[in-house]
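Engineer: For reference, the file input12.pdb (PDB, C-alpha atoms and all ligand atoms) is included below:
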```pdb
ATOM      1  CA  MET A1363     138.327 102.458  90.312  1.00  0.00           C
ATOM      2  CA  THR A1364     137.303  99.648  92.623  1.00  0.00           C
ATOM      3  CA  ILE A1365     134.581 100.380  95.148  1.00  0.00           C
ATOM      4  CA  PRO A1366     135.358  98.801  98.563  1.00  0.00           C
ATOM      5  CA  THR A1367     133.103  95.796  99.076  1.00  0.00           C
ATOM      6  CA  THR A1368     131.548  97.066 102.334  1.00  0.00           C
ATOM      7  CA  ILE A1369     130.516 100.379 100.771  1.00  0.00           C
ATOM      8  CA  ARG A1370     129.296  98.639  97.629  1.00  0.00           C
ATOM      9  CA  ASN A1371     127.174  96.285  99.698  1.00  0.00           C
ATOM     10  CA  ARG A1372     125.763  99.123 101.742  1.00  0.00           C
ATOM     11  CA  VAL A1373     124.832 101.192  98.690  1.00  0.00           C
ATOM     12  CA  LEU A1374     123.842  98.493  96.208  1.00  0.00           C
ATOM     13  CA  GLY A1375     122.949  95.682  98.577  1.00  0.00           C
ATOM     14  CA  ALA A1376     124.754  93.301  96.185  1.00  0.00           C
ATOM     15  CA  ALA A1377     125.985  90.868  98.802  1.00  0.00           C
ATOM     16  CA  ALA A1378     123.150  91.363 101.255  1.00  0.00           C
ATOM     17  CA  PRO A1379     121.365  88.192 102.300  1.00  0.00           C
ATOM     18  CA  ALA A1380     118.068  87.528 100.546  1.00  0.00           C
ATOM     19  CA  THR A1381     115.214  89.309 102.358  1.00  0.00           C
ATOM     20  CA  SER A1382     112.542  86.928 103.587  1.00  0.00           C
ATOM     21  CA  PRO A1383     108.887  88.022 103.582  1.00  0.00           C
ATOM     22  CA  ARG A1384     108.945  87.927 107.396  1.00  0.00           C
ATOM     23  CA  ARG A1385     111.943  90.292 107.509  1.00  0.00           C
ATOM     24  CA  ALA A1386     110.298  92.604 105.028  1.00  0.00           C
ATOM     25  CA  LEU A1387     107.154  92.678 107.173  1.00  0.00           C
ATOM     26  CA  ALA A1388     109.263  93.307 110.292  1.00  0.00           C
ATOM     27  CA  ALA A1389     110.954  96.221 108.549  1.00  0.00           C
ATOM     28  CA  LEU A1390     107.587  97.675 107.568  1.00  0.00           C
ATOM     29  CA  SER A1391     105.993  97.179 110.984  1.00  0.00           C
ATOM     30  CA  PRO A1392     107.050 100.619 112.383  1.00  0.00           C
ATOM     31  CA  VAL A1393     105.455 102.227 109.329  1.00  0.00           C
ATOM     32  CA  ALA A1394     102.294 100.172 109.839  1.00  0.00           C
ATOM     33  CA  ALA A1395     102.285 101.065 113.550  1.00  0.00           C
ATOM     34  CA  MET A1396     102.649 104.774 112.722  1.00  0.00           C
ATOM     35  CA  ALA A1397      99.857 104.549 110.161  1.00  0.00           C
ATOM     36  CA  ALA A1398      97.605 102.767 112.649  1.00  0.00           C
ATOM     37  CA  GLY A1399      98.455 105.385 115.293  1.00  0.00           C
ATOM     38  CA  CYS A1400      97.396 108.167 112.925  1.00  0.00           C
ATOM     39  CA  THR A1401      94.046 106.643 112.033  1.00  0.00           C
ATOM     40  CA  SER A1402      92.852 105.736 115.533  1.00  0.00           C
ATOM     41  CA  GLY A1403      93.038 107.033 119.071  1.00  0.00           C
ATOM     42  CA  PRO A1404      91.078 109.524 121.170  1.00  0.00           C
ATOM     43  CA  MET A1405      92.267 112.553 119.189  1.00  0.00           C
ATOM     44  CA  SER A1406      92.598 111.191 115.675  1.00  0.00           C
ATOM     45  CA  ALA A1407      90.966 113.471 113.100  1.00  0.00           C
ATOM     46  CA  LEU A1408      91.206 110.465 110.766  1.00  0.00           C
ATOM     47  CA  ASP A1409      88.813 108.469 112.936  1.00  0.00           C
ATOM     48  CA  PRO A1410      85.738 110.705 112.680  1.00  0.00           C
ATOM     49  CA  ALA A1411      82.676 110.081 114.853  1.00  0.00           C
ATOM     50  CA  GLY A1412      80.376 112.569 113.141  1.00  0.00           C
ATOM     51  CA  PRO A1413      79.673 114.195 109.752  1.00  0.00           C
ATOM     52  CA  ALA A1414      81.556 117.464 110.431  1.00  0.00           C
ATOM     53  CA  ALA A1415      84.730 115.569 111.376  1.00  0.00           C
ATOM     54  CA  ALA A1416      84.219 113.178 108.431  1.00  0.00           C
ATOM     55  CA  ALA A1417      84.245 116.160 106.043  1.00  0.00           C
ATOM     56  CA  VAL A1418      87.604 117.285 107.500  1.00  0.00           C
ATOM     57  CA  ALA A1419      89.007 113.743 107.234  1.00  0.00           C
ATOM     58  CA  ASP A1420      87.879 113.560 103.589  1.00  0.00           C
ATOM     59  CA  VAL A1421      89.900 116.692 102.793  1.00  0.00           C
ATOM     60  CA  TRP A1422      92.952 115.166 104.513  1.00  0.00           C
ATOM     61  CA  TRP A1423      92.682 111.928 102.515  1.00  0.00           C
ATOM     62  CA  ALA A1424      92.101 113.789  99.242  1.00  0.00           C
ATOM     63  CA  MET A1425      95.258 115.832  99.900  1.00  0.00           C
ATOM     64  CA  PHE A1426      97.213 112.720 100.910  1.00  0.00           C
ATOM     65  CA  TRP A1427      96.317 110.641  97.837  1.00  0.00           C
ATOM     66  CA  GLY A1428      96.494 113.627  95.500  1.00  0.00           C
ATOM     67  CA  SER A1429      99.970 114.591  96.699  1.00  0.00           C
ATOM     68  CA  ALA A1430     101.070 110.925  96.517  1.00  0.00           C
ATOM     69  CA  VAL A1431     100.016 110.733  92.856  1.00  0.00           C
ATOM     70  CA  ILE A1432     101.727 114.054  92.047  1.00  0.00           C
ATOM     71  CA  LEU A1433     104.904 112.968  93.861  1.00  0.00           C
ATOM     72  CA  LEU A1434     105.008 109.689  91.935  1.00  0.00           C
ATOM     73  CA  ALA A1435     104.404 111.454  88.612  1.00  0.00           C
ATOM     74  CA  VAL A1436     107.097 114.084  89.247  1.00  0.00           C
ATOM     75  CA  THR A1437     109.560 111.405  90.426  1.00  0.00           C
ATOM     76  CA  ALA A1438     108.874 109.321  87.304  1.00  0.00           C
ATOM     77  CA  LEU A1439     109.467 112.369  85.074  1.00  0.00           C
ATOM     78  CA  ALA A1440     112.684 113.220  86.936  1.00  0.00           C
ATOM     79  CA  LEU A1441     113.947 109.639  86.523  1.00  0.00           C
ATOM     80  CA  TYR A1442     112.987 109.709  82.842  1.00  0.00           C
ATOM     81  CA  ALA A1443     114.944 112.931  82.366  1.00  0.00           C
ATOM     82  CA  ALA A1444     117.943 111.604  84.293  1.00  0.00           C
ATOM     83  CA  CYS A1445     118.124 108.163  82.688  1.00  0.00           C
ATOM     84  CA  ARG A1446     117.369 108.810  79.006  1.00  0.00           C
ATOM     85  CA  ARG A1447     120.170 109.846  76.719  1.00  0.00           C
ATOM     86  CA  PRO A1448     119.787 113.573  75.844  1.00  0.00           C
ATOM     87  CA  GLU A1449     119.242 112.868  72.133  1.00  0.00           C
ATOM     88  CA  ALA A1450     116.491 110.306  72.932  1.00  0.00           C
ATOM     89  CA  ARG A1451     114.486 112.605  75.269  1.00  0.00           C
ATOM     90  CA  MET A1452     111.070 113.848  74.267  1.00  0.00           C
ATOM     91  CA  LYS A1453     111.191 117.477  73.159  1.00  0.00           C
ATOM     92  CA  VAL A1454     108.819 119.784  75.051  1.00  0.00           C
ATOM     93  CA  SER A1455     108.719 123.520  74.426  1.00  0.00           C
ATOM     94  CA  PRO A1456     109.722 125.715  77.392  1.00  0.00           C
ATOM     95  CA  ARG A1457     106.523 127.742  76.915  1.00  0.00           C
ATOM     96  CA  LEU A1458     104.387 124.596  77.331  1.00  0.00           C
ATOM     97  CA  LEU A1459     106.339 123.629  80.453  1.00  0.00           C
ATOM     98  CA  VAL A1460     105.914 127.044  82.063  1.00  0.00           C
ATOM     99  CA  ILE A1461     102.248 127.487  81.180  1.00  0.00           C
ATOM    100  CA  GLY A1462     101.195 123.854  81.677  1.00  0.00           C
ATOM    101  CA  GLY A1463     103.385 122.912  84.636  1.00  0.00           C
ATOM    102  CA  GLY A1464     103.639 126.323  86.289  1.00  0.00           C
ATOM    103  CA  ILE A1465     100.144 127.771  85.852  1.00  0.00           C
ATOM    104  CA  VAL A1466      97.491 125.351  84.545  1.00  0.00           C
ATOM    105  CA  PHE A1467      98.403 122.283  86.616  1.00  0.00           C
ATOM    106  CA  PRO A1468      98.936 123.962  90.042  1.00  0.00           C
ATOM    107  CA  GLY A1469      95.977 126.262  89.357  1.00  0.00           C
ATOM    108  CA  THR A1470      93.695 123.279  88.707  1.00  0.00           C
ATOM    109  CA  VAL A1471      94.910 121.482  91.834  1.00  0.00           C
ATOM    110  CA  LEU A1472      94.492 124.568  94.049  1.00  0.00           C
ATOM    111  CA  VAL A1473      90.999 125.377  92.729  1.00  0.00           C
ATOM    112  CA  ALA A1474      89.912 121.743  93.284  1.00  0.00           C
ATOM    113  CA  LEU A1475      91.296 121.839  96.830  1.00  0.00           C
ATOM    114  CA  LEU A1476      89.615 125.172  97.517  1.00  0.00           C
ATOM    115  CA  GLY A1477      86.254 123.767  96.399  1.00  0.00           C
ATOM    116  CA  TYR A1478      86.731 120.644  98.496  1.00  0.00           C
ATOM    117  CA  GLY A1479      87.840 122.715 101.521  1.00  0.00           C
ATOM    118  CA  LEU A1480      84.836 125.046 101.226  1.00  0.00           C
ATOM    119  CA  HIS A1481      82.548 122.008 101.174  1.00  0.00           C
ATOM    120  CA  ALA A1482      84.198 120.711 104.384  1.00  0.00           C
ATOM    121  CA  GLY A1483      83.937 124.156 106.011  1.00  0.00           C
ATOM    122  CA  HIS A1484      80.260 124.279 105.111  1.00  0.00           C
ATOM    123  CA  ALA A1485      79.717 121.112 107.175  1.00  0.00           C
ATOM    124  CA  GLN A1486      80.842 122.989 110.332  1.00  0.00           C
ATOM    125  CA  LEU A1487      78.423 125.931 109.954  1.00  0.00           C
ATOM    126  CA  PRO A1488      75.312 126.446 112.105  1.00  0.00           C
ATOM    127  CA  LEU A1489      72.976 126.533 109.104  1.00  0.00           C
ATOM    128  CA  PRO A1490      69.178 126.584 109.507  1.00  0.00           C
ATOM    129  CA  THR A1491      67.803 123.102 110.052  1.00  0.00           C
ATOM    130  CA  THR A1492      64.438 121.504 110.803  1.00  0.00           C
ATOM    131  CA  GLU A1493      66.040 119.286 113.465  1.00  0.00           C
ATOM    132  CA  PRO A1494      66.003 120.489 117.075  1.00  0.00           C
ATOM    133  CA  VAL A1495      69.452 121.936 117.816  1.00  0.00           C
ATOM    134  CA  PHE A1496      71.083 121.347 121.189  1.00  0.00           C
ATOM    135  CA  ARG A1497      72.853 124.519 122.359  1.00  0.00           C
ATOM    136  CA  VAL A1498      75.836 124.694 124.683  1.00  0.00           C
ATOM    137  CA  ASP A1499      77.599 127.898 125.752  1.00  0.00           C
ATOM    138  CA  VAL A1500      81.308 127.292 126.167  1.00  0.00           C
ATOM    139  CA  THR A1501      83.521 129.922 127.789  1.00  0.00           C
ATOM    140  CA  ALA A1502      87.256 129.376 127.742  1.00  0.00           C
ATOM    141  CA  ASN A1503      89.335 130.902 130.495  1.00  0.00           C
ATOM    142  CA  ARG A1504      92.852 130.096 131.504  1.00  0.00           C
ATOM    143  CA  TRP A1505      92.854 127.118 131.797  1.00  0.00           C
ATOM    144  CA  THR A1506      89.410 125.619 131.982  1.00  0.00           C
ATOM    145  CA  TRP A1507      86.326 125.177 129.814  1.00  0.00           C
ATOM    146  CA  ASP A1508      83.184 126.489 131.475  1.00  0.00           C
ATOM    147  CA  ILE A1509      80.053 124.969 129.912  1.00  0.00           C
ATOM    148  CA  VAL A1510      76.422 126.061 130.334  1.00  0.00           C
ATOM    149  CA  TYR A1511      73.444 124.017 129.095  1.00  0.00           C
ATOM    150  CA  ARG A1512      70.711 126.632 128.892  1.00  0.00           C
ATOM    151  CA  ASP A1513      68.080 124.210 127.547  1.00  0.00           C
ATOM    152  CA  ALA A1514      68.382 121.620 130.314  1.00  0.00           C
ATOM    153  CA  GLU A1515      65.120 120.506 131.905  1.00  0.00           C
ATOM    154  CA  GLY A1516      64.573 122.455 135.109  1.00  0.00           C
ATOM    155  CA  GLY A1517      66.789 125.393 134.109  1.00  0.00           C
ATOM    156  CA  PRO A1518      70.363 126.065 133.030  1.00  0.00           C
ATOM    157  CA  VAL A1519      73.126 123.897 134.511  1.00  0.00           C
ATOM    158  CA  ARG A1520      76.874 123.974 134.192  1.00  0.00           C
ATOM    159  CA  SER A1521      79.883 121.696 134.007  1.00  0.00           C
ATOM    160  CA  GLU A1522      83.609 122.257 133.796  1.00  0.00           C
ATOM    161  CA  ASN A1523      86.005 120.549 131.374  1.00  0.00           C
ATOM    162  CA  LEU A1524      83.351 117.921 130.637  1.00  0.00           C
ATOM    163  CA  LEU A1525      80.870 118.448 127.835  1.00  0.00           C
ATOM    164  CA  TYR A1526      77.744 116.302 127.573  1.00  0.00           C
ATOM    165  CA  LEU A1527      76.133 115.980 124.144  1.00  0.00           C
ATOM    166  CA  PRO A1528      73.163 114.129 122.669  1.00  0.00           C
ATOM    167  CA  VAL A1529      73.806 111.442 120.064  1.00  0.00           C
ATOM    168  CA  ASP A1530      72.735 111.998 116.471  1.00  0.00           C
ATOM    169  CA  ARG A1531      71.433 115.517 116.947  1.00  0.00           C
ATOM    170  CA  PRO A1532      72.977 118.794 115.788  1.00  0.00           C
ATOM    171  CA  VAL A1533      74.847 120.608 118.546  1.00  0.00           C
ATOM    172  CA  ASP A1534      75.760 124.294 118.333  1.00  0.00           C
ATOM    173  CA  VAL A1535      78.730 125.315 120.447  1.00  0.00           C
ATOM    174  CA  TYR A1536      78.582 129.056 121.254  1.00  0.00           C
ATOM    175  CA  LEU A1537      82.169 129.817 122.069  1.00  0.00           C
ATOM    176  CA  THR A1538      83.870 132.797 123.662  1.00  0.00           C
ATOM    177  CA  THR A1539      86.630 133.562 126.168  1.00  0.00           C
ATOM    178  CA  THR A1540      87.121 135.845 129.148  1.00  0.00           C
ATOM    179  CA  ASP A1541      90.862 136.391 128.699  1.00  0.00           C
ATOM    180  CA  VAL A1542      93.138 135.456 125.777  1.00  0.00           C
ATOM    181  CA  ILE A1543      92.496 133.640 122.500  1.00  0.00           C
ATOM    182  CA  HIS A1544      91.930 129.881 122.843  1.00  0.00           C
ATOM    183  CA  ALA A1545      90.779 127.313 120.284  1.00  0.00           C
ATOM    184  CA  PHE A1546      88.094 124.674 120.759  1.00  0.00           C
ATOM    185  CA  TRP A1547      89.079 121.430 119.053  1.00  0.00           C
ATOM    186  CA  VAL A1548      87.532 117.982 119.395  1.00  0.00           C
ATOM    187  CA  PRO A1549      89.141 116.285 116.370  1.00  0.00           C
ATOM    188  CA  ARG A1550      86.816 113.282 116.201  1.00  0.00           C
ATOM    189  CA  LEU A1551      83.685 115.466 116.139  1.00  0.00           C
ATOM    190  CA  ALA A1552      84.488 118.649 114.168  1.00  0.00           C
ATOM    191  CA  GLY A1553      87.083 121.090 112.962  1.00  0.00           C
ATOM    192  CA  LYS A1554      88.706 123.742 115.091  1.00  0.00           C
ATOM    193  CA  ILE A1555      87.325 127.176 115.995  1.00  0.00           C
ATOM    194  CA  ASP A1556      88.886 130.088 117.878  1.00  0.00           C
ATOM    195  CA  ALA A1557      87.546 131.557 121.117  1.00  0.00           C
ATOM    196  CA  ILE A1558      88.114 135.308 120.835  1.00  0.00           C
ATOM    197  CA  PRO A1559      87.536 137.899 123.605  1.00  0.00           C
ATOM    198  CA  GLY A1560      84.385 139.942 122.969  1.00  0.00           C
ATOM    199  CA  ILE A1561      83.193 137.709 120.130  1.00  0.00           C
ATOM    200  CA  THR A1562      80.975 134.606 120.124  1.00  0.00           C
ATOM    201  CA  ASN A1563      81.787 132.059 117.424  1.00  0.00           C
ATOM    202  CA  VAL A1564      79.436 129.174 116.686  1.00  0.00           C
ATOM    203  CA  LEU A1565      80.471 125.678 115.606  1.00  0.00           C
ATOM    204  CA  ARG A1566      77.992 122.985 114.503  1.00  0.00           C
ATOM    205  CA  LEU A1567      78.911 119.399 115.334  1.00  0.00           C
ATOM    206  CA  ARG A1568      77.179 116.069 115.704  1.00  0.00           C
ATOM    207  CA  ALA A1569      78.161 112.780 117.345  1.00  0.00           C
ATOM    208  CA  SER A1570      76.984 109.797 115.317  1.00  0.00           C
ATOM    209  CA  ARG A1571      77.345 107.342 118.192  1.00  0.00           C
ATOM    210  CA  PRO A1572      77.664 107.314 121.978  1.00  0.00           C
ATOM    211  CA  GLY A1573      81.197 107.556 123.301  1.00  0.00           C
ATOM    212  CA  THR A1574      83.857 109.632 124.996  1.00  0.00           C
ATOM    213  CA  PHE A1575      85.951 111.961 122.888  1.00  0.00           C
ATOM    214  CA  ARG A1576      88.871 114.128 123.829  1.00  0.00           C
ATOM    215  CA  GLY A1577      89.293 117.786 123.045  1.00  0.00           C
ATOM    216  CA  GLN A1578      92.183 120.162 123.575  1.00  0.00           C
ATOM    217  CA  CYS A1579      92.788 123.886 123.447  1.00  0.00           C
ATOM    218  CA  ALA A1580      94.589 124.309 120.151  1.00  0.00           C
ATOM    219  CA  GLU A1581      95.875 127.871 120.551  1.00  0.00           C
ATOM    220  CA  PHE A1582      98.811 128.519 122.875  1.00  0.00           C
ATOM    221  CA  CYS A1583      97.420 130.465 125.834  1.00  0.00           C
ATOM    222  CA  GLY A1584     100.145 130.316 128.507  1.00  0.00           C
ATOM    223  CA  TRP A1585     101.875 127.808 130.718  1.00  0.00           C
ATOM    224  CA  GLY A1586      98.671 125.872 131.505  1.00  0.00           C
ATOM    225  CA  HIS A1587      97.820 125.402 127.812  1.00  0.00           C
ATOM    226  CA  PRO A1588      98.825 121.696 127.537  1.00  0.00           C
ATOM    227  CA  ASP A1589      96.494 120.834 130.432  1.00  0.00           C
ATOM    228  CA  MET A1590      93.510 122.663 128.939  1.00  0.00           C
ATOM    229  CA  VAL A1591      91.810 119.404 128.034  1.00  0.00           C
ATOM    230  CA  LEU A1592      88.110 118.872 127.415  1.00  0.00           C
ATOM    231  CA  LEU A1593      86.322 115.529 127.664  1.00  0.00           C
ATOM    232  CA  VAL A1594      83.209 115.137 125.570  1.00  0.00           C
ATOM    233  CA  GLU A1595      80.624 112.458 126.320  1.00  0.00           C
ATOM    234  CA  ALA A1596      77.878 111.707 123.803  1.00  0.00           C
ATOM    235  CA  HIS A1597      74.804 110.024 125.298  1.00  0.00           C
ATOM    236  CA  GLU A1598      71.401 108.837 124.193  1.00  0.00           C
ATOM    237  CA  ALA A1599      68.612 111.279 125.140  1.00  0.00           C
ATOM    238  CA  ALA A1600      67.484 109.572 128.370  1.00  0.00           C
ATOM    239  CA  ASP A1601      71.069 109.167 129.642  1.00  0.00           C
ATOM    240  CA  LEU A1602      71.847 112.762 128.757  1.00  0.00           C
ATOM    241  CA  MET A1603      68.889 114.094 130.743  1.00  0.00           C
ATOM    242  CA  GLN A1604      70.054 112.093 133.774  1.00  0.00           C
ATOM    243  CA  ARG A1605      73.586 113.497 133.521  1.00  0.00           C
ATOM    244  CA  LEU A1606      72.355 117.077 133.100  1.00  0.00           C
ATOM    245  CA  ALA A1607      69.975 116.690 136.052  1.00  0.00           C
ATOM    246  CA  ALA A1608      72.956 115.879 138.272  1.00  0.00           C
ATOM    247  CA  LEU A1609      74.818 119.099 137.364  1.00  0.00           C
ATOM    248  CA  PRO A1610      74.788 122.295 139.484  1.00  0.00           C
ATOM    249  CA  PRO A1611      72.624 125.240 138.359  1.00  0.00           C
ATOM    250  CA  ALA A1612      74.136 127.977 136.252  1.00  0.00           C
ATOM    251  CA  GLU A1613      73.607 131.645 135.500  1.00  0.00           C
ATOM    252  CA  VAL A1614      73.074 132.490 131.845  1.00  0.00           C
ATOM    253  CA  ARG A1615      75.183 135.567 131.176  1.00  0.00           C
ATOM    254  CA  ARG A1616      74.882 135.758 127.393  1.00  0.00           C
TER     255      ARG A1616
HETATM  256 CU    CU B1701      95.465 127.057 125.040  1.00  0.00          CU
END
```
For the file at hand, write its structure as structure tokens.
Ligand SMILES: [Cu+2]
Structural biologist:
Amino acid sequence: MTIPTTIRNRVLGAAAPATSPRRALAALSPVAAMAAGCTSGPMSALDPAGPAAAAVADVWWAMFWGSAVILLAVTALALYAACRRPEARMKVSPRLLVIGGGIVFPGTVLVALLGYGLHAGHAQLPLPTTEPVFRVDVTANRWTWDIVYRDAEGGPVRSENLLYLPVDRPVDVYLTTTDVIHAFWVPRLAGKIDAIPGITNVLRLRASRPGTFRGQCAEFCGWGHPDMVLLVEAHEAADLMQRLAALPPAEVRR
């Protein structure tokens, strides 16, 4: 049977013009742009600005490269099985396939991931430390973030939807909510933690350098959820004191 030339060209590319390096690069540019978009930007978890976020990014990259290697290996085995003549294929016992490929291999991968994930989770915990910890009380309510700095010089002060932090110092975020469940998430500084009514959760984060970072409520909480944005500014100590001094006083309720 003769395959029509147009279909043959489309499938096999037999009569396609030779691809120049420039064309190949042009074809790859959307992929490169997508990759660049994922690893930078105000909310990229792959562009960490502190150790807690770096631990999360490490887990992501380990999963990415690990799954890429597994995908390549499985694809190579599938091609081997499809392309070799049946009588020339390597003989593997079904028992070895089930135990090795169905239990030992996925079990090893999952245990390694669990260990790596626990290590990353550990980096977000408010563990005892000899460093002075900066405390902020964050209360989520539809659809704002109410922030109290109880340790500010001259007494507690408050801000709304704007969180000031010191650079290179541990910060404990004491998080709760007055209405429904929300989630506090500043991807470049730490992982995500839920704000639950009646409960105070604590997240440890640290900004390694001055800058402005964007956070977002990450738990659907009603029609105003997409606008429940939080800006985080990390400042050197002297700058931070100036900013806090300009804030209105607050009542400490918890
Ligand atoms: Cu929300």
Engineer: I want to know what sits within 12 Å of A:Leu1439, based on only C-alpha atoms, with residues of the same chain fewer than 6 positions away left out; could you give that as number ranges by chain?
Structural biologist: A: 1432-1433, 1445-1446, 1451-1452
Engineer: With C-alpha atoms retained, write the just-selected residues as a tab-separated table (two decimals), keeping the file's coordinate frame.
Structural biologist:
```tsv
chain	number	residue	atom	x	y	z
A	1432	ILE	CA	101.73	114.05	92.05
A	1433	LEU	CA	104.90	112.97	93.86
A	1445	CYS	CA	118.12	108.16	82.69
A	1446	ARG	CA	117.37	108.81	79.01
A	1451	ARG	CA	114.49	112.60	75.27
A	1452	MET	CA	111.07	113.85	74.27
```
Engineer: Listing only residues of chain A within 7 Å of ligand CU 1701 (chain B), what is the closest atom pair and its distance in Å (to one decimal) for each, using all atoms listed in the file, sorted by chain and residue number ascending, as a Markdown table?
Structural biologist:
```
| residue | atom | partner | partner_atom | distance |
| --- | --- | --- | --- | --- |
| A:His1544 | CA | B:CU1701 | CU | 5.0 |
| A:Ala1545 | CA | B:CU1701 | CU | 6.7 |
| A:Cys1579 | CA | B:CU1701 | CU | 4.4 |
| A:Ala1580 | CA | B:CU1701 | CU | 5.7 |
| A:Glu1581 | CA | B:CU1701 | CU | 4.6 |
| A:Phe1582 | CA | B:CU1701 | CU | 4.2 |
| A:Cys1583 | CA | B:CU1701 | CU | 4.0 |
| A:Gly1584 | CA | B:CU1701 | CU | 6.7 |
| A:His1587 | CA | B:CU1701 | CU | 4.0 |
| A:Pro1588 | CA | B:CU1701 | CU | 6.8 |
| A:Met1590 | CA | B:CU1701 | CU | 6.2 |
```
Engineer: Once you have the residues from the selection above, write them out as a short mmCIF file (atom, residue, chain, number, x, y, z; two decimals), in the coordinates of the input, restricted to C-alpha atoms.
Structural biologist:
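Saved the output as out.cif:
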```
data_model
loop_
_atom_site.label_atom_id
_atom_site.label_comp_id
_atom_site.auth_asym_id
_atom_site.auth_seq_id
_atom_site.Cartn_x
_atom_site.Cartn_y
_atom_site.Cartn_z
CA HIS A 1544 91.93 129.88 122.84
CA ALA A 1545 90.78 127.31 120.28
CA CYS A 1579 92.79 123.89 123.45
CA ALA A 1580 94.59 124.31 120.15
CA GLU A 1581 95.88 127.87 120.55
CA PHE A 1582 98.81 128.52 122.88
CA CYS A 1583 97.42 130.46 125.83
CA GLY A 1584 100.14 130.32 128.51
CA HIS A 1587 97.82 125.40 127.81
CA PRO A 1588 98.82 121.70 127.54
CA MET A 1590 93.51 122.66 128.94
#
```
Engineer: For each of A:Asp1499, A:Val1614, A:Asp1601, A:Ala1411, take the minimum atom-to-atom distance to A:Gly1573, counting only C-alpha atoms, then give the residue where this is smallest.
Structural biologist: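 Between A:Asp1499, A:Val1614, A:Asp1601, A:Ala1411, the residue approaching A:Gly1573 most closely is A:Ala1411.
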Engineer: For a quick check of understanding, using all atoms listed in the file, which of A:Asp1420, A:Asp1530, A:Glu1613, A:Glu1522 has the smallest distance to A:Ala1596?
Structural biologist: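 Ranked by minimum distance to A:Ala1596, first place goes to A:Asp1530.
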Engineer: Which residue out of A:Ser1406, A:Thr1437, A:Thr1401, A:Gln1604 has the minimum interatomic distance to A:Trp1547 when all atoms listed in the file are used?
Structural biologist: A:Ser1406
Engineer: For this structure, which residues satisfy the selection - the PyMOL selection byres (((chain A and resi 1520) around 12) and not hetatm) - when it is evaluated on the file as given? I want them as a PyMOL selection string.
Structural biologist: chain A and resi 1498-1501+1507-1514+1517-1519+1521-1526+1605-1614
Engineer: Determine, counting all atoms listed in the file, which protein, DNA and RNA residues have an atom within 8 Å of an atom of A:Arg1566; residues of the same chain fewer than 5 positions away are not included. Present the result as a list in words.
Structural biologist: Ala1414, Ala1485, Gln1486, Leu1487, Pro1488, Pro1532, Val1533, Asp1534, Val1535 and Ala1552 of chain A
Engineer: Can you write out the residues you just picked, keeping C-alpha atoms, as a short mmCIF file (atom, residue, chain, number, x, y, z; two decimals), keeping the file's coordinate frame?
Structural biologist:
```cif
data_model
loop_
_atom_site.label_atom_id
_atom_site.label_comp_id
_atom_site.auth_asym_id
_atom_site.auth_seq_id
_atom_site.Cartn_x
_atom_site.Cartn_y
_atom_site.Cartn_z
CA ALA A 1414 81.56 117.46 110.43
CA ALA A 1485 79.72 121.11 107.18
CA GLN A 1486 80.84 122.99 110.33
CA LEU A 1487 78.42 125.93 109.95
CA PRO A 1488 75.31 126.45 112.10
CA PRO A 1532 72.98 118.79 115.79
CA VAL A 1533 74.85 120.61 118.55
CA ASP A 1534 75.76 124.29 118.33
CA VAL A 1535 78.73 125.32 120.45
CA ALA A 1552 84.49 118.65 114.17
#
```
Engineer: Enter the distance from atom CA of A:Leu1527 to atom CA of A:His1597, in Å, rounded to one decimal.
Structural biologist: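 Between atom CA of A:Leu1527 and atom CA of A:His1597 the gap works out to 6.2 Å.
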Engineer: Taking all atoms listed in the file into account, name the residue in A:Ser1455, A:Asp1556, A:Gly1479, A:Arg1504 that is nearest to A:Gly1586.
Structural biologist: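 Of A:Ser1455, A:Asp1556, A:Gly1479, A:Arg1504, the one nearest A:Gly1586, counting all atoms listed in the file, is A:Arg1504.
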Engineer: I would like the residues chosen by the PyMOL selection byres (((chain A and resi 1541) around 9) and not hetatm) on the shown file; could you give them as a list in words?
Structural biologist: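 For this structure, the PyMOL selection byres (((chain A and resi 1541) around 9) and not hetatm) resolves to Ala1502, Asn1503, Arg1504, Thr1539, Thr1540, Val1542, Ile1543, His1544, Ile1558 and Pro1559 of chain A.
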Engineer: List as an mmCIF file with C-alpha atoms, in the frame of the given file: which residues have an atom within 12 Å of (91.2, 111.9, 128.6), counting all atoms listed in the file?
Structural biologist:
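File result-v4.cif, as written:
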```
data_model
loop_
_atom_site.group_PDB
_atom_site.id
_atom_site.type_symbol
_atom_site.label_atom_id
_atom_site.label_comp_id
_atom_site.auth_asym_id
_atom_site.auth_seq_id
_atom_site.Cartn_x
_atom_site.Cartn_y
_atom_site.Cartn_z
ATOM 1 C CA GLY A 1403 93.038 107.033 119.071
ATOM 2 C CA PRO A 1404 91.078 109.524 121.170
ATOM 3 C CA MET A 1405 92.267 112.553 119.189
ATOM 4 C CA ASN A 1523 86.005 120.549 131.374
ATOM 5 C CA LEU A 1524 83.351 117.921 130.637
ATOM 6 C CA VAL A 1548 87.532 117.982 119.395
ATOM 7 C CA THR A 1574 83.857 109.632 124.996
ATOM 8 C CA PHE A 1575 85.951 111.961 122.888
ATOM 9 C CA ARG A 1576 88.871 114.128 123.829
ATOM 10 C CA GLY A 1577 89.293 117.786 123.045
ATOM 11 C CA GLN A 1578 92.183 120.162 123.575
ATOM 12 C CA ASP A 1589 96.494 120.834 130.432
ATOM 13 C CA MET A 1590 93.510 122.663 128.939
ATOM 14 C CA VAL A 1591 91.810 119.404 128.034
ATOM 15 C CA LEU A 1592 88.110 118.872 127.415
ATOM 16 C CA LEU A 1593 86.322 115.529 127.664
ATOM 17 C CA VAL A 1594 83.209 115.137 125.570
ATOM 18 C CA GLU A 1595 80.624 112.458 126.320
#
```
Engineer: Which one is closest to A:Val1436: A:Gly1412, A:Gly1516, A:Pro1448, A:Gly1463? Count all atoms listed in the file.
Structural biologist: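 Of all the options, A:Gly1463 lies closest to A:Val1436.
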